[in-house]
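For reference, upload_19.txt is printed below; it contains compact mmCIF, N, CA and C atoms.
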```txt
# COMPACT_ATOMS: atom_id res chain seq x y z
N MET A 1345 -133.88 24.25 -45.71
CA MET A 1345 -132.45 24.43 -45.82
C MET A 1345 -131.76 23.17 -45.29
N PRO A 1346 -130.90 22.53 -46.09
CA PRO A 1346 -130.24 21.29 -45.66
C PRO A 1346 -129.22 21.54 -44.54
N VAL A 1347 -129.10 20.55 -43.67
CA VAL A 1347 -128.16 20.65 -42.57
C VAL A 1347 -126.77 20.23 -43.06
N LYS A 1348 -125.77 21.05 -42.75
CA LYS A 1348 -124.40 20.74 -43.13
C LYS A 1348 -123.86 19.62 -42.25
N PRO A 1349 -123.16 18.66 -42.85
CA PRO A 1349 -122.53 17.63 -42.00
C PRO A 1349 -121.38 18.25 -41.21
N ARG A 1350 -121.20 17.78 -39.98
CA ARG A 1350 -120.12 18.32 -39.15
C ARG A 1350 -118.77 17.89 -39.68
N LYS A 1351 -117.83 18.78 -39.62
CA LYS A 1351 -116.48 18.48 -40.06
C LYS A 1351 -115.79 17.65 -38.98
N ILE A 1352 -115.15 16.55 -39.38
CA ILE A 1352 -114.46 15.68 -38.44
C ILE A 1352 -113.00 16.12 -38.36
N PRO A 1353 -112.52 16.50 -37.15
CA PRO A 1353 -111.12 16.91 -37.03
C PRO A 1353 -110.17 15.73 -37.27
N MET A 1354 -109.15 15.97 -38.06
CA MET A 1354 -108.18 14.93 -38.38
C MET A 1354 -106.83 15.28 -37.76
N ARG A 1355 -106.12 14.25 -37.31
CA ARG A 1355 -104.78 14.43 -36.74
C ARG A 1355 -103.87 13.35 -37.30
N MET A 1356 -102.56 13.61 -37.27
CA MET A 1356 -101.59 12.65 -37.80
C MET A 1356 -101.00 11.82 -36.66
N CYS A 1357 -100.97 10.51 -36.87
CA CYS A 1357 -100.33 9.60 -35.92
C CYS A 1357 -98.82 9.75 -36.07
N VAL A 1358 -98.09 9.87 -34.96
CA VAL A 1358 -96.63 10.01 -35.04
C VAL A 1358 -95.95 8.69 -35.37
N GLY A 1359 -96.66 7.57 -35.22
CA GLY A 1359 -96.09 6.26 -35.53
C GLY A 1359 -96.15 5.94 -37.01
N CYS A 1360 -97.37 5.89 -37.55
CA CYS A 1360 -97.55 5.49 -38.95
C CYS A 1360 -97.63 6.69 -39.90
N ARG A 1361 -97.75 7.90 -39.35
CA ARG A 1361 -97.81 9.15 -40.12
C ARG A 1361 -99.05 9.23 -41.02
N GLU A 1362 -100.14 8.57 -40.61
CA GLU A 1362 -101.40 8.64 -41.36
C GLU A 1362 -102.35 9.60 -40.68
N MET A 1363 -103.14 10.30 -41.50
CA MET A 1363 -104.17 11.18 -40.98
C MET A 1363 -105.39 10.34 -40.61
N LYS A 1364 -105.87 10.50 -39.38
CA LYS A 1364 -107.02 9.76 -38.89
C LYS A 1364 -107.91 10.68 -38.09
N PRO A 1365 -109.17 10.30 -37.88
CA PRO A 1365 -110.05 11.13 -37.05
C PRO A 1365 -109.49 11.27 -35.63
N LYS A 1366 -109.52 12.47 -35.11
CA LYS A 1366 -108.97 12.78 -33.79
C LYS A 1366 -109.53 11.86 -32.71
N ALA A 1367 -110.80 11.53 -32.79
CA ALA A 1367 -111.45 10.71 -31.76
C ALA A 1367 -110.90 9.28 -31.72
N SER A 1368 -110.30 8.81 -32.80
CA SER A 1368 -109.80 7.43 -32.83
C SER A 1368 -108.35 7.32 -32.38
N LEU A 1369 -107.71 8.45 -32.06
CA LEU A 1369 -106.31 8.46 -31.65
C LEU A 1369 -106.17 8.72 -30.15
N LEU A 1370 -105.03 8.32 -29.60
CA LEU A 1370 -104.70 8.62 -28.20
C LEU A 1370 -103.80 9.85 -28.18
N ARG A 1371 -104.04 10.76 -27.25
CA ARG A 1371 -103.25 11.99 -27.16
C ARG A 1371 -102.28 11.90 -25.98
N VAL A 1372 -101.04 12.24 -26.24
CA VAL A 1372 -100.02 12.36 -25.20
C VAL A 1372 -99.69 13.84 -25.12
N VAL A 1373 -99.70 14.38 -23.91
CA VAL A 1373 -99.48 15.82 -23.74
C VAL A 1373 -98.28 16.06 -22.83
N LYS A 1374 -97.53 17.12 -23.14
CA LYS A 1374 -96.38 17.52 -22.33
C LYS A 1374 -96.62 18.95 -21.87
N PRO A 1375 -97.06 19.12 -20.60
CA PRO A 1375 -97.24 20.48 -20.08
C PRO A 1375 -95.88 21.18 -19.95
N GLN A 1376 -95.90 22.50 -19.87
CA GLN A 1376 -94.65 23.26 -19.76
C GLN A 1376 -93.87 22.89 -18.51
N ASP A 1377 -94.57 22.64 -17.42
CA ASP A 1377 -93.88 22.43 -16.15
C ASP A 1377 -94.08 21.03 -15.58
N GLY A 1378 -94.19 20.01 -16.44
CA GLY A 1378 -94.40 18.67 -15.93
C GLY A 1378 -93.95 17.60 -16.91
N ASP A 1379 -94.19 16.36 -16.51
CA ASP A 1379 -93.83 15.23 -17.35
C ASP A 1379 -94.96 14.90 -18.32
N ALA A 1380 -94.59 14.27 -19.40
CA ALA A 1380 -95.59 13.86 -20.39
C ALA A 1380 -96.51 12.80 -19.80
N HIS A 1381 -97.77 12.86 -20.19
CA HIS A 1381 -98.75 11.88 -19.73
C HIS A 1381 -99.86 11.74 -20.76
N ILE A 1382 -100.67 10.72 -20.58
CA ILE A 1382 -101.79 10.48 -21.48
C ILE A 1382 -102.90 11.47 -21.14
N ASP A 1383 -103.46 12.07 -22.17
CA ASP A 1383 -104.56 13.03 -22.00
C ASP A 1383 -105.85 12.34 -22.43
N PHE A 1384 -106.60 11.82 -21.46
CA PHE A 1384 -107.81 11.07 -21.76
C PHE A 1384 -108.93 11.96 -22.28
N GLY A 1385 -108.99 13.20 -21.80
CA GLY A 1385 -110.06 14.10 -22.22
C GLY A 1385 -109.78 14.80 -23.54
N GLY A 1386 -108.52 14.87 -23.94
CA GLY A 1386 -108.16 15.52 -25.20
C GLY A 1386 -108.10 17.03 -25.13
N ARG A 1387 -108.15 17.59 -23.93
CA ARG A 1387 -108.15 19.06 -23.80
C ARG A 1387 -107.14 19.60 -22.81
N ALA A 1388 -106.24 18.78 -22.33
CA ALA A 1388 -105.25 19.24 -21.36
C ALA A 1388 -104.32 20.27 -22.00
N PRO A 1389 -103.92 21.27 -21.24
CA PRO A 1389 -103.01 22.28 -21.79
C PRO A 1389 -101.62 21.71 -21.98
N GLY A 1390 -100.94 22.17 -23.00
CA GLY A 1390 -99.58 21.73 -23.27
C GLY A 1390 -99.46 21.25 -24.70
N ARG A 1391 -98.26 20.84 -25.04
CA ARG A 1391 -97.98 20.37 -26.40
C ARG A 1391 -98.46 18.92 -26.52
N GLY A 1392 -99.23 18.64 -27.53
CA GLY A 1392 -99.80 17.31 -27.69
C GLY A 1392 -99.34 16.61 -28.95
N ALA A 1393 -99.35 15.28 -28.88
CA ALA A 1393 -99.04 14.45 -30.04
C ALA A 1393 -100.01 13.27 -30.01
N TYR A 1394 -100.30 12.74 -31.17
CA TYR A 1394 -101.30 11.68 -31.28
C TYR A 1394 -100.67 10.40 -31.77
N VAL A 1395 -101.20 9.28 -31.25
CA VAL A 1395 -100.73 7.96 -31.66
C VAL A 1395 -101.96 7.08 -31.89
N CYS A 1396 -101.87 6.21 -32.91
CA CYS A 1396 -102.98 5.29 -33.22
C CYS A 1396 -103.25 4.37 -32.04
N ASN A 1397 -104.43 3.82 -32.07
CA ASN A 1397 -104.83 2.88 -31.02
C ASN A 1397 -104.36 1.48 -31.39
N SER A 1398 -103.07 1.34 -31.75
CA SER A 1398 -102.49 0.04 -32.10
C SER A 1398 -101.08 -0.07 -31.54
N ILE A 1399 -100.75 -1.28 -31.11
CA ILE A 1399 -99.42 -1.54 -30.53
C ILE A 1399 -98.33 -1.29 -31.57
N GLU A 1400 -98.58 -1.65 -32.83
CA GLU A 1400 -97.56 -1.50 -33.87
C GLU A 1400 -97.15 -0.03 -34.02
N CYS A 1401 -98.12 0.87 -34.05
CA CYS A 1401 -97.82 2.30 -34.18
C CYS A 1401 -97.07 2.81 -32.96
N LEU A 1402 -97.47 2.35 -31.78
CA LEU A 1402 -96.80 2.77 -30.55
C LEU A 1402 -95.35 2.31 -30.54
N LYS A 1403 -95.10 1.06 -30.91
CA LYS A 1403 -93.73 0.53 -30.96
C LYS A 1403 -92.89 1.29 -31.97
N LYS A 1404 -93.48 1.62 -33.11
CA LYS A 1404 -92.75 2.37 -34.14
C LYS A 1404 -92.41 3.77 -33.64
N ALA A 1405 -93.37 4.42 -32.97
CA ALA A 1405 -93.13 5.76 -32.42
C ALA A 1405 -92.05 5.73 -31.34
N GLU A 1406 -92.04 4.65 -30.55
CA GLU A 1406 -91.02 4.52 -29.49
C GLU A 1406 -89.65 4.27 -30.11
N LYS A 1407 -89.59 3.38 -31.09
CA LYS A 1407 -88.32 3.02 -31.71
C LYS A 1407 -87.68 4.20 -32.44
N THR A 1408 -88.50 4.97 -33.17
CA THR A 1408 -87.98 6.09 -33.95
C THR A 1408 -87.90 7.39 -33.13
N ARG A 1409 -88.36 7.33 -31.87
CA ARG A 1409 -88.39 8.48 -30.96
C ARG A 1409 -89.23 9.62 -31.55
N ALA A 1410 -90.24 9.26 -32.32
CA ALA A 1410 -91.11 10.26 -32.95
C ALA A 1410 -91.90 11.04 -31.91
N LEU A 1411 -92.33 10.36 -30.84
CA LEU A 1411 -93.08 11.03 -29.78
C LEU A 1411 -92.19 12.04 -29.06
N ASP A 1412 -90.93 11.68 -28.84
CA ASP A 1412 -89.97 12.59 -28.21
C ASP A 1412 -89.82 13.86 -29.05
N ARG A 1413 -89.66 13.69 -30.36
CA ARG A 1413 -89.48 14.83 -31.25
C ARG A 1413 -90.74 15.68 -31.33
N ALA A 1414 -91.89 15.04 -31.39
CA ALA A 1414 -93.15 15.77 -31.52
C ALA A 1414 -93.43 16.62 -30.28
N LEU A 1415 -93.01 16.14 -29.12
CA LEU A 1415 -93.28 16.87 -27.88
C LEU A 1415 -92.08 17.70 -27.40
N ASP A 1416 -90.98 17.66 -28.12
CA ASP A 1416 -89.76 18.38 -27.73
C ASP A 1416 -89.32 18.04 -26.32
N ALA A 1417 -89.41 16.75 -25.96
CA ALA A 1417 -89.04 16.31 -24.61
C ALA A 1417 -88.72 14.83 -24.63
N LYS A 1418 -87.95 14.38 -23.64
CA LYS A 1418 -87.68 12.96 -23.48
C LYS A 1418 -88.90 12.32 -22.84
N ILE A 1419 -89.45 11.32 -23.51
CA ILE A 1419 -90.63 10.63 -23.00
C ILE A 1419 -90.16 9.44 -22.16
N GLU A 1420 -90.64 9.41 -20.92
CA GLU A 1420 -90.24 8.35 -20.00
C GLU A 1420 -90.85 7.01 -20.41
N GLU A 1421 -90.17 5.94 -19.99
CA GLU A 1421 -90.60 4.58 -20.28
C GLU A 1421 -92.01 4.31 -19.75
N ASN A 1422 -92.35 4.87 -18.59
CA ASN A 1422 -93.65 4.60 -17.98
C ASN A 1422 -94.81 5.14 -18.83
N VAL A 1423 -94.60 6.22 -19.57
CA VAL A 1423 -95.65 6.76 -20.44
C VAL A 1423 -95.94 5.76 -21.56
N PHE A 1424 -94.87 5.17 -22.13
CA PHE A 1424 -95.06 4.16 -23.17
C PHE A 1424 -95.78 2.93 -22.61
N ARG A 1425 -95.44 2.53 -21.38
CA ARG A 1425 -96.09 1.37 -20.75
C ARG A 1425 -97.57 1.67 -20.48
N GLN A 1426 -97.88 2.91 -20.07
CA GLN A 1426 -99.28 3.30 -19.84
C GLN A 1426 -100.06 3.25 -21.14
N LEU A 1427 -99.48 3.78 -22.21
CA LEU A 1427 -100.13 3.76 -23.52
C LEU A 1427 -100.36 2.32 -23.98
N GLU A 1428 -99.35 1.49 -23.77
CA GLU A 1428 -99.45 0.08 -24.16
C GLU A 1428 -100.61 -0.60 -23.40
N ALA A 1429 -100.67 -0.36 -22.10
CA ALA A 1429 -101.76 -0.94 -21.28
C ALA A 1429 -103.10 -0.42 -21.74
N GLN A 1430 -103.17 0.85 -22.08
CA GLN A 1430 -104.41 1.47 -22.55
C GLN A 1430 -104.89 0.83 -23.84
N ILE A 1431 -103.96 0.59 -24.76
CA ILE A 1431 -104.31 -0.01 -26.05
C ILE A 1431 -104.72 -1.48 -25.84
N GLU A 1432 -103.95 -2.22 -25.06
CA GLU A 1432 -104.25 -3.63 -24.84
C GLU A 1432 -105.55 -3.81 -24.08
N GLY A 1433 -105.84 -2.87 -23.18
CA GLY A 1433 -107.08 -2.95 -22.41
C GLY A 1433 -108.31 -2.65 -23.27
N GLY A 1434 -108.08 -1.98 -24.39
CA GLY A 1434 -109.17 -1.71 -25.30
C GLY A 1434 -110.15 -0.65 -24.80
N ASN A 1435 -109.74 0.08 -23.75
CA ASN A 1435 -110.65 1.10 -23.19
C ASN A 1435 -110.18 2.49 -23.53
N ALA A 1436 -109.57 2.64 -24.70
CA ALA A 1436 -109.12 3.96 -25.13
C ALA A 1436 -110.34 4.81 -25.44
N GLN A 1437 -110.27 6.08 -25.04
CA GLN A 1437 -111.42 6.97 -25.24
C GLN A 1437 -111.22 7.85 -26.44
```
Give the structure from the file, written as structure tokens.
Amino acid sequence: MPVKPRKIPMRMCVGCREMKPKASLLRVVKPQDGDAHIDFGGRAPGRGAYVCNSIECLKKAEKTRALDRALDAKIEENVFRQLEAQIEGGNAQ
């Protein structure tokens, strides 16, 4: 009996609006009772949104406030700076 290939979960980037594999995107999560932050493990509780691992997509999401709309909250400047550092550092998980 042949082994079925595993289905790869796909998510949409809020910056470029392209569907990409979940593992290649960065997740930003907004818990009910806290500020938005980067979810490195991908399993934190709360409303999540995904952004590509590229500065261009992050800048576009910041400019159009797509991340704010996706999370139904005002995203602080420091979250964008953390994401930027994460992308530039190249150690996104």
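In this comparison, which uses all atoms listed in the file, the residue of A:Asp1383, A:Arg1413, A:Glu1428, A:Val1372 approaching A:Ser1398 most closely is A:Glu1428.
Between A:Ala1410 and the candidates A:Pro1349, A:Gly1359, A:Pro1375, A:Pro1365, the tightest atom-to-atom separation, counting all atoms listed in the file, involves A:Gly1359.
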Of the listed residues A:Arg1371, A:Arg1425, A:Lys1351, A:Lys1418, that which approaches A:Lys1403 most closely, counting only C-alpha atoms:
A:Arg1425
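The two atoms in question, atom N of A:Glu1432 and atom N of A:Glu1400, are spaced 9.5 Å apart.
Those residues of chain A that DSSP, working from the backbone, places in strand (DSSP E) are Met1354, Arg1355, Met1356, Met1363, Lys1364, Pro1365, Leu1370, Arg1371, Val1372, Val1373, Lys1374, His1381, Ile1382, Asp1383, Arg1391, Gly1392, Ala1393, Tyr1394 and Val1395 of chain A.
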Please, which residues are within 12 Å of (-92.2, 9.6, -29.8) by the file's coordinates, counting only C-alpha atoms, and could they come as a PyMOL selection string?
chain A and resi 1357-1361+1371-1374+1380+1392-1395+1401-1421+1423-1424+1427
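Restricting the calculation to only N, CA and C atoms, the smallest distance between A:Ala1367 and any of A:Gly1385, A:Gly1434, A:Gly1390, A:Pro1353 is found for A:Pro1353.
Minimum distance to A:Arg1355 across A:Gln1430, A:Asn1422, A:Gln1376, A:Ser1368 (counting only C-alpha atoms) occurs at A:Ser1368.
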One decimal place gives the atom C of A:Lys1348-atom CA of A:Asn1397 separation as 27.7 Å
Mind checking DSSP for chain A and telling me the alpha helix (DSSP H) residues as a list in words?
Ile1399, Glu1400, Cys1401, Leu1402, Lys1403, Lys1404, Ala1405, Glu1406, Lys1407, Thr1408, Ala1410, Leu1411, Asp1412, Arg1413, Ala1414, Leu1415, Glu1421, Asn1422, Val1423, Phe1424, Arg1425, Gln1426, Leu1427, Glu1428, Ala1429, Gln1430, Ile1431, Glu1432 and Gly1433 of chain A
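Rounded to one decimal, atom C of A:Ile1382 and atom N of A:Arg1350 lie 27.0 Å from each other.
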Once 4 Å is added on each side, what centre and edge lengths in Å to one decimal does the axis-aligned box around all listed atoms of stretch 1421-1427 of chain A have, as lines of an AutoDock Vina configuration file?
```
center_x = -95.3
center_y = 4.1
center_z = -21.0
size_x = 18.2
size_y = 13.4
size_z = 14.0
```
Can you take the partial stretch 1403-1414 of chain A, add all heavy atoms, and return it as a CSV table (one decimal), in the coordinates of the input?
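See part.csv below for the written result:
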```
chain,number,residue,atom,x,y,z
A,1403,LYS,N,-95.1,1.1,-30.9
A,1403,LYS,CA,-93.7,0.5,-31.0
A,1403,LYS,C,-92.9,1.3,-32.0
A,1403,LYS,O,-91.7,1.6,-31.7
A,1403,LYS,CB,-93.7,-1.0,-31.3
A,1403,LYS,CG,-94.4,-1.8,-30.3
A,1403,LYS,CD,-93.5,-2.0,-29.1
A,1403,LYS,CE,-94.2,-3.0,-28.1
A,1403,LYS,NZ,-93.5,-3.0,-26.8
A,1404,LYS,N,-93.5,1.6,-33.1
A,1404,LYS,CA,-92.8,2.4,-34.1
A,1404,LYS,C,-92.4,3.8,-33.6
A,1404,LYS,O,-91.3,4.3,-33.8
A,1404,LYS,CB,-93.6,2.4,-35.4
A,1404,LYS,CG,-92.9,3.0,-36.6
A,1404,LYS,CD,-93.7,2.8,-37.8
A,1404,LYS,CE,-92.9,3.3,-39.1
A,1404,LYS,NZ,-93.7,3.1,-40.3
A,1405,ALA,N,-93.4,4.4,-33.0
A,1405,ALA,CA,-93.1,5.8,-32.4
A,1405,ALA,C,-92.0,5.7,-31.3
A,1405,ALA,O,-91.2,6.6,-31.2
A,1405,ALA,CB,-94.4,6.3,-31.8
A,1406,GLU,N,-92.0,4.6,-30.6
A,1406,GLU,CA,-91.0,4.5,-29.5
A,1406,GLU,C,-89.6,4.3,-30.1
A,1406,GLU,O,-88.7,4.9,-29.7
A,1406,GLU,CB,-91.4,3.4,-28.6
A,1406,GLU,CG,-90.5,3.2,-27.4
A,1406,GLU,CD,-91.0,2.1,-26.4
A,1406,GLU,OE1,-91.9,1.4,-26.7
A,1406,GLU,OE2,-90.4,2.1,-25.3
A,1407,LYS,N,-89.6,3.4,-31.1
A,1407,LYS,CA,-88.3,3.0,-31.7
A,1407,LYS,C,-87.7,4.2,-32.4
A,1407,LYS,O,-86.5,4.4,-32.3
A,1407,LYS,CB,-88.5,1.9,-32.7
A,1407,LYS,CG,-87.3,1.4,-33.4
A,1407,LYS,CD,-87.6,0.2,-34.3
A,1407,LYS,CE,-86.3,-0.2,-35.0
A,1407,LYS,NZ,-86.6,-1.2,-36.0
A,1408,THR,N,-88.5,5.0,-33.2
A,1408,THR,CA,-88.0,6.1,-34.0
A,1408,THR,C,-87.9,7.4,-33.1
A,1408,THR,O,-87.5,8.4,-33.7
A,1408,THR,CB,-88.8,6.4,-35.2
A,1408,THR,OG1,-90.2,6.7,-34.8
A,1408,THR,CG2,-88.9,5.2,-36.1
A,1409,ARG,N,-88.4,7.3,-31.9
A,1409,ARG,CA,-88.4,8.5,-31.0
A,1409,ARG,C,-89.2,9.6,-31.6
A,1409,ARG,O,-89.0,10.8,-31.3
A,1409,ARG,CB,-87.0,8.9,-30.6
A,1409,ARG,CG,-86.2,7.9,-29.8
A,1409,ARG,CD,-84.8,8.3,-29.3
A,1409,ARG,NE,-84.6,9.7,-29.3
A,1409,ARG,CZ,-83.5,10.3,-29.8
A,1409,ARG,NH1,-82.5,9.5,-30.4
A,1409,ARG,NH2,-83.3,11.6,-29.8
A,1410,ALA,N,-90.2,9.3,-32.3
A,1410,ALA,CA,-91.1,10.3,-33.0
A,1410,ALA,C,-91.9,11.0,-31.9
A,1410,ALA,O,-92.1,12.2,-32.1
A,1410,ALA,CB,-92.1,9.6,-33.9
A,1411,LEU,N,-92.3,10.4,-30.8
A,1411,LEU,CA,-93.1,11.0,-29.8
A,1411,LEU,C,-92.2,12.0,-29.1
A,1411,LEU,O,-92.6,13.1,-28.7
A,1411,LEU,CB,-93.6,10.0,-28.8
A,1411,LEU,CG,-94.9,10.3,-28.1
A,1411,LEU,CD1,-96.0,10.7,-29.0
A,1411,LEU,CD2,-95.4,9.1,-27.3
A,1412,ASP,N,-90.9,11.7,-28.8
A,1412,ASP,CA,-90.0,12.6,-28.2
A,1412,ASP,C,-89.8,13.9,-29.0
A,1412,ASP,O,-89.8,15.0,-28.5
A,1412,ASP,CB,-88.6,11.9,-28.1
A,1412,ASP,CG,-88.6,10.7,-27.1
A,1412,ASP,OD1,-89.6,10.1,-27.0
A,1412,ASP,OD2,-87.5,10.5,-26.5
A,1413,ARG,N,-89.7,13.7,-30.4
A,1413,ARG,CA,-89.5,14.8,-31.2
A,1413,ARG,C,-90.7,15.7,-31.3
A,1413,ARG,O,-90.7,16.9,-31.3
A,1413,ARG,CB,-89.1,14.4,-32.6
A,1413,ARG,CG,-87.6,13.9,-32.7
A,1413,ARG,CD,-87.2,13.8,-34.2
A,1413,ARG,NE,-88.1,13.0,-35.0
A,1413,ARG,CZ,-88.1,11.7,-35.1
A,1413,ARG,NH1,-87.2,11.0,-34.4
A,1413,ARG,NH2,-88.9,11.1,-35.9
A,1414,ALA,N,-91.9,15.0,-31.4
A,1414,ALA,CA,-93.2,15.8,-31.5
A,1414,ALA,C,-93.4,16.6,-30.3
A,1414,ALA,O,-94.0,17.7,-30.4
A,1414,ALA,CB,-94.3,14.8,-31.7
```
